[in-house]
>>> print(open('model_8.cif').read())   # mmCIF, N, CA and C atoms
data_run
#
loop_
_atom_site.label_atom_id
_atom_site.label_comp_id
_atom_site.auth_asym_id
_atom_site.auth_seq_id
_atom_site.Cartn_x
_atom_site.Cartn_y
_atom_site.Cartn_z
N MET A 1 102.30 86.87 103.16
CA MET A 1 101.54 88.07 103.45
C MET A 1 100.08 87.67 103.68
N ASP A 2 99.47 88.22 104.70
CA ASP A 2 98.09 87.91 105.03
C ASP A 2 97.12 88.72 104.17
N ASN A 3 95.90 88.21 104.04
CA ASN A 3 94.85 88.97 103.38
C ASN A 3 94.50 90.19 104.22
N LEU A 4 94.00 91.20 103.57
CA LEU A 4 93.53 92.40 104.26
C LEU A 4 92.02 92.32 104.36
N ILE A 5 91.49 92.35 105.59
CA ILE A 5 90.05 92.27 105.79
C ILE A 5 89.64 93.36 106.78
N ILE A 6 88.75 94.24 106.32
CA ILE A 6 88.20 95.29 107.17
C ILE A 6 86.69 95.25 106.98
N GLU A 7 85.97 95.04 108.06
CA GLU A 7 84.52 94.96 108.00
C GLU A 7 83.92 96.34 107.79
N ALA A 8 82.78 96.38 107.09
CA ALA A 8 82.08 97.64 106.86
C ALA A 8 81.46 98.15 108.15
N THR A 9 81.37 99.46 108.24
CA THR A 9 80.62 100.11 109.32
C THR A 9 79.60 101.03 108.66
N ARG A 10 78.93 101.77 109.46
CA ARG A 10 77.95 102.72 108.92
C ARG A 10 78.61 103.76 108.04
N TYR A 11 79.87 104.10 108.35
CA TYR A 11 80.56 105.19 107.66
C TYR A 11 81.74 104.74 106.78
N THR A 12 82.06 103.47 106.82
CA THR A 12 83.23 102.99 106.09
C THR A 12 82.89 101.72 105.29
N PRO A 13 83.56 101.54 104.17
CA PRO A 13 83.27 100.38 103.34
C PRO A 13 83.93 99.10 103.85
N ALA A 14 83.41 97.99 103.39
CA ALA A 14 84.09 96.71 103.60
C ALA A 14 85.27 96.67 102.64
N ILE A 15 86.39 96.18 103.13
CA ILE A 15 87.58 96.06 102.30
C ILE A 15 88.12 94.65 102.46
N TYR A 16 88.34 94.02 101.31
CA TYR A 16 88.88 92.66 101.33
C TYR A 16 89.90 92.56 100.21
N PHE A 17 91.12 92.24 100.55
CA PHE A 17 92.16 92.05 99.55
C PHE A 17 92.69 90.64 99.70
N ASP A 18 92.47 89.84 98.69
CA ASP A 18 92.90 88.45 98.68
C ASP A 18 94.29 88.37 98.05
N PHE A 19 95.26 88.09 98.86
CA PHE A 19 96.65 88.05 98.41
C PHE A 19 96.87 86.98 97.34
N LYS A 20 96.19 85.85 97.47
CA LYS A 20 96.40 84.74 96.53
C LYS A 20 95.76 84.96 95.17
N THR A 21 94.59 85.62 95.15
CA THR A 21 93.91 85.84 93.87
C THR A 21 94.20 87.22 93.28
N ASP A 22 94.88 88.07 94.04
CA ASP A 22 95.24 89.42 93.59
C ASP A 22 94.02 90.28 93.28
N GLU A 23 92.99 90.13 94.11
CA GLU A 23 91.78 90.93 93.94
C GLU A 23 91.50 91.74 95.20
N LEU A 24 91.20 93.01 94.99
CA LEU A 24 90.85 93.93 96.06
C LEU A 24 89.41 94.34 95.88
N TYR A 25 88.63 94.25 96.95
CA TYR A 25 87.23 94.66 96.94
C TYR A 25 87.05 95.79 97.94
N ILE A 26 86.41 96.86 97.49
CA ILE A 26 86.01 97.95 98.37
C ILE A 26 84.54 98.20 98.07
N LYS A 27 83.70 97.99 99.07
CA LYS A 27 82.26 98.07 98.83
C LYS A 27 81.56 98.70 100.02
N GLY A 28 80.68 99.66 99.73
CA GLY A 28 79.88 100.27 100.78
C GLY A 28 79.88 101.78 100.68
N GLU A 29 79.85 102.41 101.81
CA GLU A 29 79.86 103.87 101.89
C GLU A 29 81.16 104.31 102.55
N SER A 30 81.65 105.47 102.13
CA SER A 30 82.92 105.96 102.65
C SER A 30 82.81 107.44 103.00
N TYR A 31 82.50 107.68 104.25
CA TYR A 31 82.47 109.07 104.73
C TYR A 31 82.82 109.14 106.22
N ALA A 32 83.87 108.42 106.55
CA ALA A 32 84.37 108.45 107.94
C ALA A 32 84.83 109.85 108.30
N GLU A 33 84.78 110.15 109.59
CA GLU A 33 85.22 111.46 110.04
C GLU A 33 86.71 111.66 109.74
N ASN A 34 87.51 110.62 109.96
CA ASN A 34 88.93 110.70 109.65
C ASN A 34 89.27 109.66 108.58
N VAL A 35 89.05 110.04 107.34
CA VAL A 35 89.24 109.14 106.21
C VAL A 35 90.69 108.69 106.09
N MET A 36 91.61 109.61 106.33
CA MET A 36 93.04 109.27 106.23
C MET A 36 93.40 108.16 107.22
N GLU A 37 92.89 108.26 108.43
CA GLU A 37 93.17 107.25 109.44
C GLU A 37 92.59 105.89 109.03
N PHE A 38 91.38 105.91 108.48
CA PHE A 38 90.75 104.66 108.07
C PHE A 38 91.53 103.99 106.94
N TYR A 39 91.93 104.75 105.92
CA TYR A 39 92.58 104.17 104.75
C TYR A 39 94.08 103.97 104.88
N ALA A 40 94.70 104.52 105.91
CA ALA A 40 96.16 104.38 106.08
C ALA A 40 96.62 102.92 106.05
N PRO A 41 95.96 102.00 106.78
CA PRO A 41 96.41 100.60 106.71
C PRO A 41 96.17 99.98 105.33
N VAL A 42 95.16 100.44 104.62
CA VAL A 42 94.88 99.93 103.27
C VAL A 42 96.01 100.34 102.33
N ILE A 43 96.39 101.61 102.38
CA ILE A 43 97.47 102.10 101.52
C ILE A 43 98.78 101.41 101.88
N SER A 44 99.05 101.25 103.16
CA SER A 44 100.28 100.55 103.58
C SER A 44 100.28 99.12 103.08
N TRP A 45 99.13 98.45 103.17
CA TRP A 45 99.03 97.07 102.71
C TRP A 45 99.29 96.99 101.20
N ILE A 46 98.69 97.91 100.45
CA ILE A 46 98.89 97.92 99.00
C ILE A 46 100.37 98.15 98.67
N GLU A 47 101.00 99.07 99.35
CA GLU A 47 102.42 99.34 99.10
C GLU A 47 103.27 98.10 99.39
N GLU A 48 103.01 97.44 100.49
CA GLU A 48 103.75 96.23 100.82
C GLU A 48 103.46 95.12 99.80
N TYR A 49 102.20 95.01 99.43
CA TYR A 49 101.77 94.02 98.45
C TYR A 49 102.53 94.22 97.13
N MET A 50 102.67 95.46 96.71
CA MET A 50 103.37 95.76 95.45
C MET A 50 104.83 95.31 95.49
N GLU A 51 105.41 95.31 96.67
CA GLU A 51 106.78 94.84 96.82
C GLU A 51 106.87 93.33 96.57
N TYR A 52 105.82 92.60 96.93
CA TYR A 52 105.80 91.14 96.77
C TYR A 52 105.45 90.72 95.35
N LYS A 53 104.51 91.42 94.76
CA LYS A 53 103.98 91.01 93.46
C LYS A 53 104.68 91.80 92.36
N HIS A 54 105.48 91.11 91.59
CA HIS A 54 106.25 91.81 90.56
C HIS A 54 105.62 91.73 89.18
N ASP A 55 104.95 90.66 88.88
CA ASP A 55 104.44 90.49 87.52
C ASP A 55 103.03 89.93 87.52
N ARG A 56 102.25 90.29 88.48
CA ARG A 56 100.93 89.71 88.61
C ARG A 56 99.86 90.62 88.02
N TYR A 57 98.75 90.00 87.70
CA TYR A 57 97.55 90.70 87.26
C TYR A 57 96.76 91.06 88.51
N ILE A 58 96.42 92.32 88.69
CA ILE A 58 95.76 92.81 89.89
C ILE A 58 94.42 93.44 89.50
N VAL A 59 93.37 93.12 90.27
CA VAL A 59 92.04 93.67 90.01
C VAL A 59 91.54 94.40 91.26
N LEU A 60 91.11 95.63 91.07
CA LEU A 60 90.47 96.41 92.13
C LEU A 60 89.01 96.56 91.75
N ASN A 61 88.12 96.03 92.58
CA ASN A 61 86.67 96.14 92.38
C ASN A 61 86.12 97.15 93.37
N LEU A 62 85.60 98.25 92.86
CA LEU A 62 85.07 99.32 93.71
C LEU A 62 83.56 99.44 93.50
N GLU A 63 82.84 99.34 94.58
CA GLU A 63 81.39 99.53 94.52
C GLU A 63 81.00 100.41 95.71
N LEU A 64 81.11 101.71 95.49
CA LEU A 64 80.81 102.66 96.55
C LEU A 64 79.47 103.31 96.27
N PHE A 65 78.58 103.21 97.24
CA PHE A 65 77.24 103.77 97.10
C PHE A 65 77.24 105.27 97.39
N TYR A 66 78.16 105.68 98.25
CA TYR A 66 78.34 107.09 98.58
C TYR A 66 79.75 107.27 99.11
N PHE A 67 80.39 108.39 98.74
CA PHE A 67 81.68 108.74 99.32
C PHE A 67 81.81 110.25 99.32
N ASN A 68 82.50 110.77 100.32
CA ASN A 68 82.68 112.20 100.44
C ASN A 68 83.95 112.66 99.70
N SER A 69 84.20 113.94 99.73
CA SER A 69 85.34 114.49 98.98
C SER A 69 86.68 114.00 99.55
N SER A 70 86.76 113.78 100.86
CA SER A 70 88.00 113.24 101.45
C SER A 70 88.25 111.82 100.95
N SER A 71 87.20 111.05 100.84
CA SER A 71 87.33 109.69 100.31
C SER A 71 87.74 109.72 98.84
N SER A 72 87.22 110.68 98.11
CA SER A 72 87.59 110.82 96.70
C SER A 72 89.09 111.05 96.55
N LYS A 73 89.64 111.86 97.43
CA LYS A 73 91.08 112.13 97.41
C LYS A 73 91.87 110.85 97.70
N ILE A 74 91.42 110.08 98.67
CA ILE A 74 92.08 108.81 99.01
C ILE A 74 91.99 107.84 97.84
N LEU A 75 90.83 107.79 97.19
CA LEU A 75 90.70 106.92 96.02
C LEU A 75 91.72 107.30 94.95
N LEU A 76 91.89 108.59 94.74
CA LEU A 76 92.91 109.04 93.77
C LEU A 76 94.30 108.58 94.19
N ASP A 77 94.58 108.64 95.48
CA ASP A 77 95.88 108.17 95.98
C ASP A 77 96.06 106.67 95.70
N ILE A 78 95.01 105.90 95.93
CA ILE A 78 95.07 104.46 95.66
C ILE A 78 95.24 104.20 94.17
N PHE A 79 94.47 104.93 93.35
CA PHE A 79 94.60 104.77 91.90
C PHE A 79 96.01 105.14 91.44
N ASP A 80 96.58 106.18 92.05
CA ASP A 80 97.95 106.58 91.71
C ASP A 80 98.94 105.45 92.01
N LEU A 81 98.73 104.75 93.14
CA LEU A 81 99.60 103.62 93.47
C LEU A 81 99.52 102.56 92.37
N PHE A 82 98.32 102.30 91.90
CA PHE A 82 98.15 101.30 90.85
C PHE A 82 98.69 101.80 89.50
N GLU A 83 98.54 103.07 89.22
CA GLU A 83 99.10 103.62 87.98
C GLU A 83 100.62 103.50 87.99
N THR A 84 101.24 103.78 89.13
CA THR A 84 102.69 103.62 89.26
C THR A 84 103.08 102.16 89.06
N ALA A 85 102.29 101.25 89.61
CA ALA A 85 102.56 99.82 89.42
C ALA A 85 102.44 99.44 87.95
N ALA A 86 101.49 100.04 87.26
CA ALA A 86 101.33 99.77 85.83
C ALA A 86 102.53 100.29 85.04
N VAL A 87 103.06 101.43 85.45
CA VAL A 87 104.27 101.96 84.81
C VAL A 87 105.42 100.96 84.96
N GLU A 88 105.44 100.29 86.10
CA GLU A 88 106.49 99.30 86.38
C GLU A 88 106.22 97.94 85.72
N GLY A 89 105.13 97.85 84.95
CA GLY A 89 104.86 96.63 84.20
C GLY A 89 103.78 95.73 84.75
N LYS A 90 103.15 96.10 85.85
CA LYS A 90 102.07 95.27 86.39
C LYS A 90 100.79 95.50 85.58
N ASN A 91 100.02 94.45 85.44
CA ASN A 91 98.77 94.50 84.71
C ASN A 91 97.66 94.79 85.71
N ILE A 92 97.08 95.99 85.65
CA ILE A 92 96.12 96.44 86.66
C ILE A 92 94.77 96.73 85.99
N THR A 93 93.71 96.21 86.60
CA THR A 93 92.34 96.53 86.18
C THR A 93 91.61 97.12 87.37
N ILE A 94 90.94 98.24 87.13
CA ILE A 94 90.05 98.84 88.12
C ILE A 94 88.64 98.75 87.58
N ASN A 95 87.78 98.05 88.32
CA ASN A 95 86.37 97.93 87.95
C ASN A 95 85.56 98.89 88.83
N TRP A 96 85.03 99.93 88.21
CA TRP A 96 84.18 100.90 88.90
C TRP A 96 82.74 100.43 88.71
N ILE A 97 82.15 99.89 89.77
CA ILE A 97 80.83 99.27 89.70
C ILE A 97 79.80 100.27 90.22
N TYR A 98 78.78 100.53 89.42
CA TYR A 98 77.78 101.52 89.81
C TYR A 98 76.38 101.01 89.48
N ASP A 99 75.39 101.51 90.22
CA ASP A 99 74.00 101.14 89.97
C ASP A 99 73.50 101.83 88.71
N GLN A 100 72.64 101.14 88.01
CA GLN A 100 72.08 101.62 86.75
C GLN A 100 71.43 103.00 86.90
N ASP A 101 70.80 103.26 88.03
CA ASP A 101 70.09 104.51 88.25
C ASP A 101 70.93 105.59 88.91
N ASP A 102 72.21 105.34 89.12
CA ASP A 102 73.06 106.28 89.84
C ASP A 102 73.97 107.04 88.87
N ASP A 103 73.43 108.13 88.32
CA ASP A 103 74.20 108.93 87.35
C ASP A 103 75.43 109.57 87.98
N THR A 104 75.32 109.93 89.24
CA THR A 104 76.46 110.56 89.92
C THR A 104 77.64 109.60 90.02
N ALA A 105 77.39 108.37 90.41
CA ALA A 105 78.46 107.37 90.51
C ALA A 105 79.08 107.13 89.14
N TYR A 106 78.25 107.07 88.11
CA TYR A 106 78.76 106.89 86.75
C TYR A 106 79.68 108.05 86.37
N GLU A 107 79.24 109.28 86.65
CA GLU A 107 80.04 110.46 86.30
C GLU A 107 81.36 110.49 87.05
N PHE A 108 81.34 110.12 88.33
CA PHE A 108 82.60 110.03 89.07
C PHE A 108 83.52 109.00 88.43
N GLY A 109 82.98 107.86 88.07
CA GLY A 109 83.77 106.84 87.41
C GLY A 109 84.40 107.35 86.13
N GLU A 110 83.63 108.08 85.33
CA GLU A 110 84.15 108.67 84.09
C GLU A 110 85.30 109.64 84.38
N GLU A 111 85.12 110.47 85.40
CA GLU A 111 86.16 111.43 85.76
C GLU A 111 87.43 110.73 86.21
N PHE A 112 87.30 109.73 87.06
CA PHE A 112 88.47 108.97 87.51
C PHE A 112 89.15 108.30 86.31
N LYS A 113 88.36 107.72 85.45
CA LYS A 113 88.90 107.00 84.30
C LYS A 113 89.78 107.90 83.43
N GLU A 114 89.38 109.14 83.26
CA GLU A 114 90.13 110.09 82.43
C GLU A 114 91.52 110.39 82.98
N ASP A 115 91.70 110.20 84.29
CA ASP A 115 92.97 110.57 84.94
C ASP A 115 94.05 109.52 84.81
N PHE A 116 93.72 108.34 84.31
CA PHE A 116 94.69 107.25 84.31
C PHE A 116 94.83 106.64 82.93
N ASN A 117 96.08 106.41 82.54
CA ASN A 117 96.36 105.95 81.19
C ASN A 117 96.78 104.49 81.11
N LEU A 118 97.45 103.99 82.13
CA LEU A 118 98.03 102.66 82.04
C LEU A 118 97.22 101.57 82.73
N VAL A 119 96.42 101.94 83.71
CA VAL A 119 95.53 100.94 84.30
C VAL A 119 94.33 100.79 83.38
N PHE A 120 93.78 99.59 83.34
CA PHE A 120 92.58 99.33 82.57
C PHE A 120 91.41 99.66 83.49
N PHE A 121 90.74 100.79 83.23
CA PHE A 121 89.68 101.30 84.10
C PHE A 121 88.35 101.04 83.41
N ARG A 122 87.58 100.13 84.00
CA ARG A 122 86.29 99.75 83.40
C ARG A 122 85.13 100.27 84.24
N LEU A 123 84.12 100.79 83.57
CA LEU A 123 82.87 101.16 84.22
C LEU A 123 81.90 100.01 84.02
N ILE A 124 81.41 99.47 85.13
CA ILE A 124 80.54 98.31 85.07
C ILE A 124 79.20 98.67 85.71
N GLN A 125 78.17 98.62 84.90
CA GLN A 125 76.83 98.94 85.37
C GLN A 125 76.17 97.70 85.96
N LYS A 126 75.72 97.81 87.20
CA LYS A 126 74.98 96.71 87.82
C LYS A 126 73.57 96.69 87.25
N GLU A 127 73.10 95.50 87.01
CA GLU A 127 71.73 95.35 86.51
C GLU A 127 70.74 95.66 87.62
N LYS A 128 69.64 96.24 87.24
CA LYS A 128 68.57 96.54 88.19
C LYS A 128 67.97 95.22 88.67
N LYS A 129 67.80 95.10 89.96
CA LYS A 129 67.18 93.90 90.52
C LYS A 129 65.68 93.94 90.25
N SER A 130 65.17 92.84 89.76
CA SER A 130 63.72 92.78 89.51
C SER A 130 63.01 92.25 90.76
N GLY A 131 61.77 92.65 90.87
CA GLY A 131 60.99 92.09 91.97
C GLY A 131 60.57 93.10 92.87
#
>>> encode(input="model_8.cif", output="structure tokens")
Amino acid sequence: MDNLIIEATRYTPAIYFDFKTDELYIKGESYAENVMEFYAPVISWIEEYMEYKHDRYIVLNLELFYFNSSSSKILLDIFDLFETAAVEGKNITINWIYDQDDDTAYEFGEEFKEDFNLVFFRLIQKEKKSG
């Protein structure tokens, strides 16, 4: 299975899923006009990936600076896929990465975290850059 690589645009995040290391990165902004169309290949890739990986440790690193309500729904769909995988015995970690000064991102992370019981959902605060 090939890695999943989608370059960031003004309206969509960069997505990189490394098949060998079992790490998924989603970073940037997510407010495409057709969010479902943008994320459809990502969800398909994750579903196919889950068929291959039966007992692996999987990490999802999310660092979204802004996302709209449609993107929020897609994120829930992705988290649901991982929660189902955790029910099946996969070890899943979701790292919700947010800026120290971004209370809104932190609050969204807290809300998402409350919805999932079997994935290990961590809130990770980025340190403020000095200078």
>>> residues_around(input="model_8.cif", residues="Asn3 in chain A", least_positions_apart="6", cutoff="7 Å", atoms="only C-alpha atoms", output="list in words")
Phe17, Asp18 and Phe19 of chain A
>>> write_last_selection(input="model_8.cif", atoms="N, CA and C atoms", output="PDB file, keeping the file's coordinate frame")
ATOM      1  N   PHE A  17      91.120  92.240 100.550  1.00  0.00           N
ATOM      2  CA  PHE A  17      92.160  92.050  99.550  1.00  0.00           C
ATOM      3  C   PHE A  17      92.690  90.640  99.700  1.00  0.00           C
ATOM      4  N   ASP A  18      92.470  89.840  98.690  1.00  0.00           N
ATOM      5  CA  ASP A  18      92.900  88.450  98.680  1.00  0.00           C
ATOM      6  C   ASP A  18      94.290  88.370  98.050  1.00  0.00           C
ATOM      7  N   PHE A  19      95.260  88.090  98.860  1.00  0.00           N
ATOM      8  CA  PHE A  19      96.650  88.050  98.410  1.00  0.00           C
ATOM      9  C   PHE A  19      96.870  86.980  97.340  1.00  0.00           C
TER      10      PHE A  19
END
>>> resolve_selection(input="model_8.cif", expression="the PyMOL selection byres (((chain A and resi 71-83 and name CA) around 10) and name CA)", output="VMD selection string")
chain A and resid 12 29 to 32 34 to 36 38 to 40 42 to 43 46 to 47 50 58 to 60 62 66 to 70 84 to 94 108 112 to 113 115 to 121
>>> atom_distance(input="model_8.cif", atom1="CA of Glu110 in chain A", atom2="CA of Ile5 in chain A")
27.8 Å
>>> axis_aligned_box(input="model_8.cif", around="range 104-109 of chain A", padding_each_side="3 Å", output="AutoDock Vina command-line options")
--center_x 79.9 --center_y 108.7 --center_z 88.3 --size_x 15.1 --size_y 9.7 --size_z 10.4
>>> closest_residue(input="model_8.cif", among="A:Glu7, A:Ala14, A:Met1, A:Glu127", to="Tyr49 in chain A", atoms="all atoms listed in the file")
A:Met1
>>> atom_distance(input="model_8.cif", atom1="CA of Ile6 in chain A", atom2="CA of Pro41 in chain A")
9.8 Å
>>> resolve_selection(input="model_8.cif", expression="the PyMOL selection byres (((chain A and resi 25 and name CA) around 6) and name CA)", output="list in words")
Ile15, Tyr16, Leu24, Ile26 and Asn61 of chain A
>>> select_by_dssp(input="model_8.cif", residues="range 9-118 of chain A", states="strand (DSSP E)", output="VMD selection string")
chain A and resid 14 to 18 23 to 30 57 to 67 91 to 99
>>> atom_distance(input="model_8.cif", atom1="CA of Pro13 in chain A", atom2="atom C of Phe65 in chain A")
9.8 Å
>>> closest_residue(input="model_8.cif", among="A:Leu64, A:Lys128, A:Leu123, A:Lys20", to="Gln100 in chain A", atoms="all atoms listed in the file")
A:Lys128
>>> select_by_dssp(input="model_8.cif", residues="range 58-127 of chain A", states="helix (DSSP H, G or I)", output="number ranges by chain")
A: 69-87, 103-114
